[in-house]
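Next comes target_21.txt, a file with compact mmCIF, C-alpha atoms and all ligand atoms.
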# COMPACT_ATOMS: atom_id res chain seq x y z
CA GLY A 1 -6.54 -7.59 -34.56
CA GLY A 2 -4.47 -10.67 -33.62
CA GLY A 3 -0.89 -9.98 -32.64
CA ALA A 4 -1.58 -6.27 -32.17
CA ALA A 5 0.42 -6.17 -28.95
CA ALA A 6 3.63 -6.69 -30.90
CA ASP A 7 2.93 -3.52 -32.92
CA LEU A 8 2.49 -1.23 -29.93
CA PRO A 9 5.23 1.16 -28.78
CA ASP A 10 7.25 -0.06 -25.76
CA SER A 11 5.63 2.49 -23.49
CA ILE A 12 2.32 0.65 -23.57
CA SER A 13 3.19 -2.87 -24.66
CA SER A 14 5.19 -3.93 -21.62
CA VAL A 15 4.99 -3.90 -17.87
CA ILE A 16 6.55 -0.65 -16.68
CA PRO A 17 10.11 -1.15 -15.33
CA GLY A 18 10.39 -0.12 -11.67
CA TRP A 19 6.67 -0.55 -11.07
CA PHE A 20 4.86 -3.45 -9.37
CA SER A 21 1.99 -4.72 -11.51
CA GLU A 22 -0.65 -6.97 -10.03
CA ILE A 23 -1.30 -9.65 -12.63
CA SER A 24 -3.68 -12.54 -11.85
CA PRO A 25 -6.14 -14.85 -13.59
CA LEU A 26 -8.70 -13.51 -11.09
CA TRP A 27 -8.72 -10.22 -13.03
CA PRO A 28 -7.68 -11.07 -16.58
CA GLY A 29 -6.83 -8.21 -18.92
CA GLU A 30 -6.05 -5.62 -16.27
CA ALA A 31 -3.25 -4.95 -13.78
CA HIS A 32 -3.08 -2.14 -11.26
CA SER A 33 0.47 -0.81 -10.85
CA LEU A 34 2.35 1.01 -8.11
CA LYS A 35 5.73 2.69 -8.47
CA VAL A 36 8.37 0.92 -6.33
CA GLU A 37 10.83 3.05 -4.33
CA LYS A 38 12.56 0.17 -2.58
CA LEU A 39 12.22 -3.59 -2.18
CA LEU A 40 12.18 -4.29 1.59
CA PHE A 41 11.54 -8.03 1.92
CA GLN A 42 11.15 -11.07 -0.26
CA GLY A 43 10.56 -14.57 1.10
CA LYS A 44 8.84 -17.86 0.49
CA SER A 45 6.84 -19.47 3.30
CA ASP A 46 5.34 -22.96 3.30
CA TYR A 47 2.17 -21.41 1.86
CA GLN A 48 3.00 -18.43 -0.34
CA ASN A 49 5.46 -15.87 -1.65
CA VAL A 50 5.71 -12.86 0.66
CA LEU A 51 6.88 -9.46 -0.60
CA VAL A 52 7.11 -6.02 1.03
CA PHE A 53 8.07 -2.87 -0.86
CA GLN A 54 8.09 0.86 -0.27
CA SER A 55 5.82 2.52 -2.85
CA SER A 56 5.97 6.15 -3.96
CA THR A 57 2.44 7.13 -2.99
CA TYR A 58 0.81 4.42 -0.81
CA GLY A 59 3.51 3.83 1.83
CA LYS A 60 4.69 0.27 2.45
CA VAL A 61 2.87 -2.51 0.61
CA LEU A 62 2.37 -6.19 1.60
CA VAL A 63 2.01 -8.63 -1.32
CA LEU A 64 1.18 -12.38 -1.08
CA ASP A 65 1.56 -14.55 -4.19
CA GLY A 66 1.63 -11.42 -6.35
CA VAL A 67 -1.59 -9.99 -4.87
CA ILE A 68 -1.64 -6.76 -2.82
CA GLN A 69 -2.97 -7.44 0.70
CA LEU A 70 -2.58 -4.00 2.19
CA THR A 71 -0.90 -0.63 1.85
CA GLU A 72 -0.24 1.76 4.73
CA ARG A 73 -2.32 4.46 3.04
CA ASP A 74 -5.60 2.65 2.46
CA GLU A 75 -5.60 -0.32 4.90
CA CYS A 76 -7.87 1.68 7.21
CA ALA A 77 -10.76 1.41 4.75
CA TYR A 78 -10.65 -2.38 4.67
CA GLN A 79 -9.77 -3.16 8.31
CA GLU A 80 -12.26 -0.71 9.81
CA MET A 81 -15.15 -1.80 7.59
CA ILE A 82 -14.66 -5.59 7.84
CA THR A 83 -14.55 -5.22 11.66
CA HIS A 84 -17.04 -2.52 12.59
CA LEU A 85 -19.77 -3.56 10.14
CA PRO A 86 -20.32 -6.77 12.17
CA LEU A 87 -19.31 -5.56 15.65
CA CYS A 88 -21.37 -2.36 15.57
CA SER A 89 -24.44 -4.38 14.51
CA ILE A 90 -24.77 -6.28 17.82
CA LEU A 91 -24.81 -5.17 21.46
CA ASN A 92 -21.87 -6.07 23.73
CA PRO A 93 -19.81 -8.43 21.55
CA LYS A 94 -17.63 -10.44 23.96
CA LYS A 95 -15.98 -13.33 22.13
CA VAL A 96 -14.59 -12.68 18.67
CA LEU A 97 -12.72 -14.96 16.25
CA VAL A 98 -10.60 -13.69 13.35
CA ILE A 99 -9.62 -16.14 10.59
CA GLY A 100 -6.68 -15.03 8.40
CA GLY A 101 -5.79 -11.42 9.18
CA GLY A 102 -2.16 -12.22 10.05
CA ASP A 103 -1.16 -8.58 9.57
CA GLY A 104 -2.99 -7.71 12.82
CA GLY A 105 -5.08 -4.86 11.41
CA VAL A 106 -8.44 -6.48 12.13
CA LEU A 107 -7.24 -7.23 15.69
CA ARG A 108 -6.40 -3.55 16.12
CA GLU A 109 -9.97 -2.68 15.14
CA VAL A 110 -11.66 -5.41 17.24
CA ALA A 111 -9.64 -4.20 20.23
CA ARG A 112 -11.32 -0.77 19.99
CA HIS A 113 -14.48 -2.41 21.37
CA SER A 114 -14.38 -2.28 25.16
CA SER A 115 -17.11 -4.95 25.56
CA VAL A 116 -14.84 -7.56 23.94
CA GLU A 117 -13.26 -9.98 26.45
CA LYS A 118 -11.58 -12.57 24.22
CA ILE A 119 -10.11 -12.34 20.71
CA ASP A 120 -8.86 -15.51 18.99
CA ILE A 121 -7.04 -15.33 15.68
CA CYS A 122 -6.18 -18.27 13.43
CA GLU A 123 -3.71 -17.38 10.69
CA ILE A 124 -2.14 -20.11 8.56
CA ASP A 125 1.15 -18.38 7.80
CA LYS A 126 3.51 -17.28 10.61
CA MET A 127 5.66 -15.41 8.08
CA VAL A 128 2.80 -12.93 7.50
CA VAL A 129 2.67 -12.21 11.24
CA ASP A 130 6.45 -11.79 11.54
CA VAL A 131 6.73 -9.60 8.46
CA SER A 132 3.85 -7.42 9.62
CA LYS A 133 5.45 -6.93 13.05
CA GLN A 134 8.70 -5.94 11.36
CA PHE A 135 7.43 -3.64 8.60
CA PHE A 136 3.89 -2.57 9.57
CA PRO A 137 4.02 -1.70 13.29
CA SER A 138 0.93 0.54 13.12
CA VAL A 139 -1.05 -2.44 11.77
CA ALA A 140 0.54 -5.23 13.84
CA LEU A 141 -0.10 -3.31 17.06
CA GLY A 142 -3.33 -5.31 17.19
CA PHE A 143 -1.26 -8.26 18.48
CA GLN A 144 -0.26 -6.29 21.60
CA ASP A 145 -3.77 -6.36 23.07
CA PRO A 146 -3.84 -8.72 26.10
CA ARG A 147 -7.22 -10.16 25.01
CA VAL A 148 -5.63 -11.62 21.83
CA THR A 149 -4.59 -15.30 21.47
CA LEU A 150 -2.75 -16.16 18.26
CA HIS A 151 -3.17 -19.66 16.78
CA ILE A 152 -0.99 -20.55 13.80
CA GLY A 153 -2.83 -23.06 11.63
CA ASP A 154 -5.51 -23.66 9.02
CA GLY A 155 -8.68 -21.70 9.75
CA VAL A 156 -10.85 -24.55 8.45
CA ALA A 157 -9.45 -27.09 10.94
CA PHE A 158 -9.49 -24.54 13.77
CA LEU A 159 -13.15 -23.73 13.19
CA ASN A 160 -14.16 -27.37 13.02
CA ALA A 161 -12.75 -27.90 16.52
CA VAL A 162 -14.64 -24.94 18.02
CA PRO A 163 -17.51 -25.96 20.37
CA LYS A 164 -20.98 -25.06 19.08
CA GLY A 165 -22.17 -21.52 19.85
CA THR A 166 -18.82 -20.19 21.09
CA TYR A 167 -18.48 -16.78 19.41
CA ASP A 168 -20.55 -13.61 19.22
CA ALA A 169 -18.78 -12.62 16.01
CA ILE A 170 -16.43 -14.21 13.47
CA ILE A 171 -14.47 -12.15 10.94
CA VAL A 172 -12.89 -13.92 7.98
CA ASP A 173 -10.07 -11.73 6.68
CA SER A 174 -8.83 -14.02 3.95
CA SER A 175 -6.83 -13.75 0.78
CA ASP A 176 -8.43 -14.62 -2.60
CA PRO A 177 -9.87 -18.08 -3.39
CA ILE A 178 -6.72 -19.28 -5.18
CA GLY A 179 -4.12 -20.81 -2.83
CA PRO A 180 -4.47 -21.45 0.93
CA ALA A 181 -7.76 -19.52 1.23
CA GLN A 182 -9.72 -21.56 -1.32
CA GLU A 183 -11.71 -23.56 1.23
CA LEU A 184 -12.70 -20.36 3.04
CA PHE A 185 -15.08 -19.66 0.17
CA GLU A 186 -16.78 -23.09 0.13
CA LYS A 187 -20.08 -24.27 1.61
CA PRO A 188 -18.75 -26.58 4.37
CA PHE A 189 -16.76 -23.65 5.76
CA PHE A 190 -19.88 -21.48 5.98
CA GLU A 191 -21.65 -24.35 7.76
CA SER A 192 -18.93 -24.51 10.41
CA LEU A 193 -19.01 -20.71 10.76
CA ALA A 194 -22.74 -20.86 11.55
CA LYS A 195 -22.19 -23.67 14.04
CA ALA A 196 -19.43 -21.81 15.90
CA LEU A 197 -21.65 -18.73 16.41
CA ARG A 198 -24.16 -18.27 19.22
CA PRO A 199 -27.82 -17.71 18.27
CA GLY A 200 -28.04 -14.19 16.77
CA GLY A 201 -24.25 -14.15 16.32
CA VAL A 202 -22.71 -12.46 13.29
CA MET A 203 -20.08 -13.22 10.70
CA CYS A 204 -18.36 -11.02 8.12
CA THR A 205 -16.18 -12.40 5.34
CA GLN A 206 -14.13 -10.75 2.64
CA ALA A 207 -16.33 -11.19 -0.44
CA GLU A 208 -14.48 -9.88 -3.50
CA SER A 209 -15.51 -7.26 -6.08
CA ILE A 210 -18.87 -6.69 -7.75
CA TRP A 211 -16.99 -5.52 -10.87
CA LEU A 212 -14.88 -8.67 -11.20
CA HIS A 213 -16.39 -11.57 -9.28
CA MET A 214 -20.18 -11.48 -9.50
CA GLN A 215 -20.23 -15.26 -10.06
CA ILE A 216 -18.18 -15.95 -6.91
CA ILE A 217 -20.42 -13.54 -4.96
CA GLU A 218 -23.61 -15.19 -6.23
CA ASN A 219 -22.31 -18.60 -5.11
CA ILE A 220 -21.45 -17.27 -1.64
CA VAL A 221 -24.87 -15.63 -1.32
CA ALA A 222 -26.68 -18.80 -2.43
CA ASN A 223 -24.75 -20.87 0.15
CA CYS A 224 -25.30 -18.33 2.93
CA ARG A 225 -29.05 -18.12 2.29
CA GLN A 226 -29.26 -21.86 2.91
CA ILE A 227 -27.11 -21.82 6.01
CA PHE A 228 -27.76 -18.54 7.89
CA LYS A 229 -31.36 -18.35 9.05
CA GLY A 230 -31.01 -14.87 10.59
CA SER A 231 -30.12 -12.40 7.86
CA VAL A 232 -27.89 -12.40 4.79
CA ASN A 233 -26.46 -9.15 3.40
CA TYR A 234 -23.78 -7.87 1.04
CA ALA A 235 -21.92 -4.61 1.72
CA TRP A 236 -19.02 -2.95 -0.10
CA THR A 237 -16.44 -0.24 0.26
CA SER A 238 -13.74 1.60 -1.62
CA VAL A 239 -10.12 0.41 -1.35
CA PRO A 240 -8.03 2.02 -4.13
CA THR A 241 -5.29 -0.64 -4.18
CA TYR A 242 -7.64 -3.63 -4.46
CA PRO A 243 -8.47 -4.88 -7.96
CA SER A 244 -11.21 -2.65 -9.44
CA GLY A 245 -10.88 -0.34 -6.42
CA VAL A 246 -13.69 -1.88 -4.39
CA ILE A 247 -14.12 -4.82 -2.05
CA GLY A 248 -17.24 -6.50 -0.69
CA PHE A 249 -18.24 -8.19 2.54
CA MET A 250 -20.74 -10.93 3.23
CA LEU A 251 -22.55 -10.25 6.51
CA CYS A 252 -24.81 -12.91 8.00
CA SER A 253 -26.42 -13.69 11.32
CA THR A 254 -27.58 -16.99 12.77
CA GLU A 255 -31.11 -17.77 13.91
CA GLY A 256 -31.90 -16.05 17.21
CA PRO A 257 -32.26 -12.41 18.27
CA ALA A 258 -32.68 -10.52 14.97
CA VAL A 259 -29.74 -8.51 13.62
CA ASP A 260 -30.42 -5.53 11.37
CA PHE A 261 -26.99 -4.90 9.86
CA LYS A 262 -28.14 -1.78 8.02
CA HIS A 263 -28.90 0.08 11.25
CA PRO A 264 -25.94 -0.16 13.67
CA ILE A 265 -27.06 -0.33 17.32
CA ASN A 266 -23.58 -0.37 18.88
CA PRO A 267 -21.98 2.85 17.57
CA ILE A 268 -18.24 3.01 18.13
CA ASP A 269 -18.00 6.71 17.27
CA ALA A 270 -19.62 7.43 20.66
CA ASP A 271 -16.83 5.97 22.83
CA ASP A 272 -13.35 7.27 22.01
CA SER A 273 -11.26 5.72 24.80
CA HIS A 274 -9.54 3.49 22.19
CA VAL A 275 -8.13 6.50 20.31
CA LYS A 276 -5.28 6.99 22.78
CA THR A 277 -3.59 3.68 21.93
CA LYS A 278 -4.82 3.06 18.39
CA GLY A 279 -5.27 6.48 16.87
CA PRO A 280 -8.59 7.79 15.53
CA LEU A 281 -10.81 5.92 13.11
CA LYS A 282 -9.96 7.17 9.62
CA PHE A 283 -12.75 5.69 7.53
CA TYR A 284 -15.66 4.12 9.42
CA ASN A 285 -18.62 6.04 10.81
CA SER A 286 -22.29 5.18 11.32
CA GLU A 287 -23.38 6.85 8.07
CA ILE A 288 -20.91 4.95 5.91
CA HIS A 289 -21.99 1.78 7.75
CA SER A 290 -25.57 2.09 6.53
CA ALA A 291 -24.51 3.35 3.09
CA ALA A 292 -22.28 0.29 2.54
CA PHE A 293 -25.38 -1.86 2.00
CA CYS A 294 -26.68 0.27 -0.91
CA LEU A 295 -25.73 -1.57 -4.08
CA PRO A 296 -25.64 -0.61 -7.77
CA SER A 297 -28.68 -1.99 -9.63
CA PHE A 298 -26.81 -4.75 -11.48
CA ALA A 299 -25.35 -6.16 -8.26
CA LYS A 300 -28.57 -5.73 -6.31
CA LYS A 301 -30.47 -7.68 -8.96
CA ALA A 302 -27.94 -10.53 -9.07
CA ILE A 303 -27.74 -10.82 -5.28
CA GLU A 304 -31.50 -10.62 -4.70
CA SER A 305 -32.11 -13.33 -7.32
CA LYS A 306 -30.11 -15.83 -5.23
N1 LIG A 401 -5.92 -7.57 6.29
C1 LIG A 401 -5.57 -7.55 4.90
C2 LIG A 401 -5.97 -6.21 4.31
O1 LIG A 401 -5.85 -5.17 4.95
O2 LIG A 401 -6.37 -6.17 3.17
C3 LIG A 401 -6.19 -8.68 4.12
C4 LIG A 401 -5.43 -9.91 3.83
S1 LIG A 401 -4.84 -10.94 5.15
C5 LIG A 401 -3.12 -10.62 5.07
C6 LIG A 401 -5.19 -12.53 4.54
C7 LIG A 401 -4.54 -13.65 5.33
O3 LIG A 401 -5.32 -14.87 5.24
C8 LIG A 401 -3.14 -14.02 4.85
O4 LIG A 401 -2.22 -13.67 5.84
C9 LIG A 401 -3.20 -15.53 4.63
O5 LIG A 401 -2.03 -16.20 5.02
C10 LIG A 401 -4.41 -15.93 5.46
N2 LIG A 401 -5.01 -17.21 5.10
C11 LIG A 401 -5.21 -17.70 3.87
N3 LIG A 401 -5.77 -18.92 3.93
C12 LIG A 401 -5.94 -19.21 5.25
C13 LIG A 401 -6.48 -20.34 5.94
N4 LIG A 401 -6.95 -21.40 5.30
N5 LIG A 401 -6.51 -20.30 7.30
C14 LIG A 401 -6.04 -19.20 7.96
N6 LIG A 401 -5.52 -18.12 7.34
C15 LIG A 401 -5.47 -18.12 6.00
Represent the structure of the file as structure tokens.
Ligand code: SAM
Amino acid sequence: GGGAAADLPDSISSVIPGWFSEISPLWPGEAHSLKVEKLLFQGKSDYQNVLVFQSSTYGKVLVLDGVIQLTERDECAYQEMITHLPLCSILNPKKVLVIGGGDGGVLREVARHSSVEKIDICEIDKMVVDVSKQFFPSVALGFQDPRVTLHIGDGVAFLNAVPKGTYDAIIVDSSDPIGPAQELFEKPFFESLAKALRPGGVMCTQAESIWLHMQIIENIVANCRQIFKGSVNYAWTSVPTYPSGVIGFMLCSTEGPAVDFKHPINPIDADDSHVKTKGPLKFYNSEIHSAAFCLPSFAKKAIESK
């Protein structure tokens, strides 16, 4: 009943000392925790609080405004899926834009594709880039690729200035829709994404959890169905340190040559020249690509109804 928390023993009534607990109104009533070995960095940028700590079991962890962005152990699942789901769905991607993604992990994955000639990235917060280069060299190595141009600024403004039809693919690797990333989940942003893509171009955006954010997902799907006249799909994957342990992606294509996201036509597993500089893929393969679009019935029903 009311006030029960006060009657509980200390071991379960309080946040565990020495552990990082991820508490947010985006997932009320639950908080995933990691044991902290050492605090490595704490700072405040113009946009957010930035924290890096060494955890006991997931390696180093990057936290923005109290929300885990990546851990060394499971970042592969997120970075590989958000990148190769779109890029393996079209032939010869050449020009790619990344919005957010200041850690460099998505760049590392885009750079595995030998057809790519130009990679732009627009990240709002330079502190994320600097901290990643200092503490997450195996992630930030994406910045070393000569095809990469880094723009520090708001992704919304950057995209609005892009000439129509510029990119083959755009990947939106954003934080959650509270704080600087809020606009990246709104309809005008999806409209400018569609405009910046060539006909039959593809976009992939971070699209939250089916266990926690079905309402946010339904809104995104409804907007995308109005804007993207090619195809509109939702995929998901497992990332243990994200709230509820899963994360979704919205994958859409613009009107033009048809894109069938569920059947990758540009397999990356075939060409392994990238392995020498970037190490092997740890998570993505063509089977998991197709499987990512299979949804539990409750999510399938909600998404198809939009
Ligand atoms: N790659 C990470 C992972 O492995 O899970 C995901 C998070 S990434 C660090 C999200 C980035 O989006 C943050 O660095 C944040 O600063 C950036 N961001 C948020 N809002 C933005 C905006 N409006 N324009 C550009 N970047 C933005």
_List as a list in words the protein and nucleic acid residues near Phe293 in chain A, meaning an atom at most 12 Å away when only C-alpha atoms are counted, but skip any in the same chain fewer than 4 places from it._
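Neighbouring residues, sequence-local ones excluded: Met81, Leu85, Val232, Asn233, Tyr234, Ala235, Trp236, Thr237, Gly248, Phe249, Met250, Leu251, Asp260, Phe261, Lys262, His263, Pro264, Glu287, Ile288, His289, Ala299, Lys300 and Ile303 of chain A.
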Preceding selection exported with C-alpha atoms as a short mmCIF file (atom, residue, chain, number, x, y, z; two decimals), keeping the file's coordinate frame:
data_model
loop_
_atom_site.label_atom_id
_atom_site.label_comp_id
_atom_site.auth_asym_id
_atom_site.auth_seq_id
_atom_site.Cartn_x
_atom_site.Cartn_y
_atom_site.Cartn_z
CA MET A 81 -15.15 -1.80 7.59
CA LEU A 85 -19.77 -3.56 10.14
CA VAL A 232 -27.89 -12.40 4.79
CA ASN A 233 -26.46 -9.15 3.40
CA TYR A 234 -23.78 -7.87 1.04
CA ALA A 235 -21.92 -4.61 1.72
CA TRP A 236 -19.02 -2.95 -0.10
CA THR A 237 -16.44 -0.24 0.26
CA GLY A 248 -17.24 -6.50 -0.69
CA PHE A 249 -18.24 -8.19 2.54
CA MET A 250 -20.74 -10.93 3.23
CA LEU A 251 -22.55 -10.25 6.51
CA ASP A 260 -30.42 -5.53 11.37
CA PHE A 261 -26.99 -4.90 9.86
CA LYS A 262 -28.14 -1.78 8.02
CA HIS A 263 -28.90 0.08 11.25
CA PRO A 264 -25.94 -0.16 13.67
CA GLU A 287 -23.38 6.85 8.07
CA ILE A 288 -20.91 4.95 5.91
CA HIS A 289 -21.99 1.78 7.75
CA ALA A 299 -25.35 -6.16 -8.26
CA LYS A 300 -28.57 -5.73 -6.31
CA ILE A 303 -27.74 -10.82 -5.28
#
*By how many Å are CA of Gly142 in chain A and atom C11 of ligand LIG 401 (chain A) apart?*
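Interatomic distance here is 18.3 Å.
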*Straight-line distance linking CA of Ile152 in chain A with atom S1 of ligand LIG 401 (chain A), stated in Å to one decimal*: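 Spanning CA of Ile152 in chain A to atom S1 of ligand LIG 401 (chain A) is a straight-line distance of 13.5 Å.
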*Compare A:Ala157, A:Lys164, A:Ile247, A:Lys301 by their minimum atom-to-atom distance to Glu218 in chain A, counting all atoms listed in the file, and give me the closest one.*
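Closest candidate: A:Lys301.
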Report as CSV the residues of chain A within 6 Å of ligand LIG 401 (chain A), each with its shortest atom pair and distance in Å (one decimal), using only C-alpha atoms and all ligand atoms, ordered by chain and increasing residue number.
residue,atom,partner,partner_atom,distance
A:Gln69,CA,A:LIG401,O2,4.4
A:Leu70,CA,A:LIG401,O1,4.4
A:Glu75,CA,A:LIG401,O1,4.9
A:Tyr78,CA,A:LIG401,O1,5.6
A:Gln79,CA,A:LIG401,O1,5.5
A:Ile99,CA,A:LIG401,C14,5.4
A:Gly100,CA,A:LIG401,O3,3.4
A:Gly101,CA,A:LIG401,S1,4.2
A:Gly102,CA,A:LIG401,O4,4.5
A:Asp103,CA,A:LIG401,C5,5.3
A:Gly105,CA,A:LIG401,N1,5.9
A:Cys122,CA,A:LIG401,C14,5.6
A:Glu123,CA,A:LIG401,N6,3.9
A:Ile124,CA,A:LIG401,C14,4.0
A:Asp125,CA,A:LIG401,O5,4.8
A:Val128,CA,A:LIG401,O4,5.3
A:Asp154,CA,A:LIG401,N5,3.9
A:Gly155,CA,A:LIG401,N5,3.6
A:Val156,CA,A:LIG401,N4,5.9
A:Asp173,CA,A:LIG401,C6,5.4
A:Ser174,CA,A:LIG401,O3,3.8
A:Ser175,CA,A:LIG401,C6,4.3
A:Pro180,CA,A:LIG401,N3,4.1
A:Ala181,CA,A:LIG401,N3,3.4
*Between CA of His32 in chain A and CA of Gly245 in chain A, what is the spacing in Å?*
9.4 Å
*Write out as a PyMOL selection string each polymer residue whose atoms come within 12 Å of Val116 in chain A, counting only C-alpha atoms; drop sequence neighbours fewer than 4 positions from it.*
chain A and resi 87-88+90-97+107+109-112+120+145-148+167-169
*List the neighbours of Ser132 in chain A out to 10 Å using only C-alpha atoms; skip same-chain residues closer than 6 positions along the sequence, and give me the result as a list of chain:residue names.*
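The contact residues come out as A:Val52, A:Leu62, A:Gly102, A:Asp103, A:Gly104, A:Gly105, A:Lys126, A:Ser138, A:Val139, A:Ala140, A:Leu141.
Minimum atom-to-atom distances from A:Pro177, A:Gly230, A:Pro163, A:Pro296 to Val67 in chain A were compared using all atoms listed in the file, and the lowest value belongs to A:Pro177.
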*Of the listed residues A:Val106, A:Gln42, A:Phe143, A:His151, that which approaches Val172 in chain A most closely, counting all atoms listed in the file*: A:Val106
*Go through A:Ile68, A:Val50, A:Ser209, A:Pro267 and flag the residue nearest Leu34 in chain A, using all atoms listed in the file for the distances.*
A:Ile68
*Please identify all polymer residues within 9 Å of Arg198 in chain A, counting all atoms listed in the file, omitting same-chain residues fewer than 2 positions from it, and present them as JSON, numbers by chain.*
{"A": [164, 165, 166, 167, 168, 169, 194, 195, 196, 200, 201, 202, 254, 255, 256]}
_For Glu22 in chain A, find every residue with an atom within 10 Å (counting only C-alpha atoms), except residues of its own chain fewer than 5 positions away, and show them as an NGL selection string._
:A and (27 or 30-34 or 63 or 65-68 or 241-243)
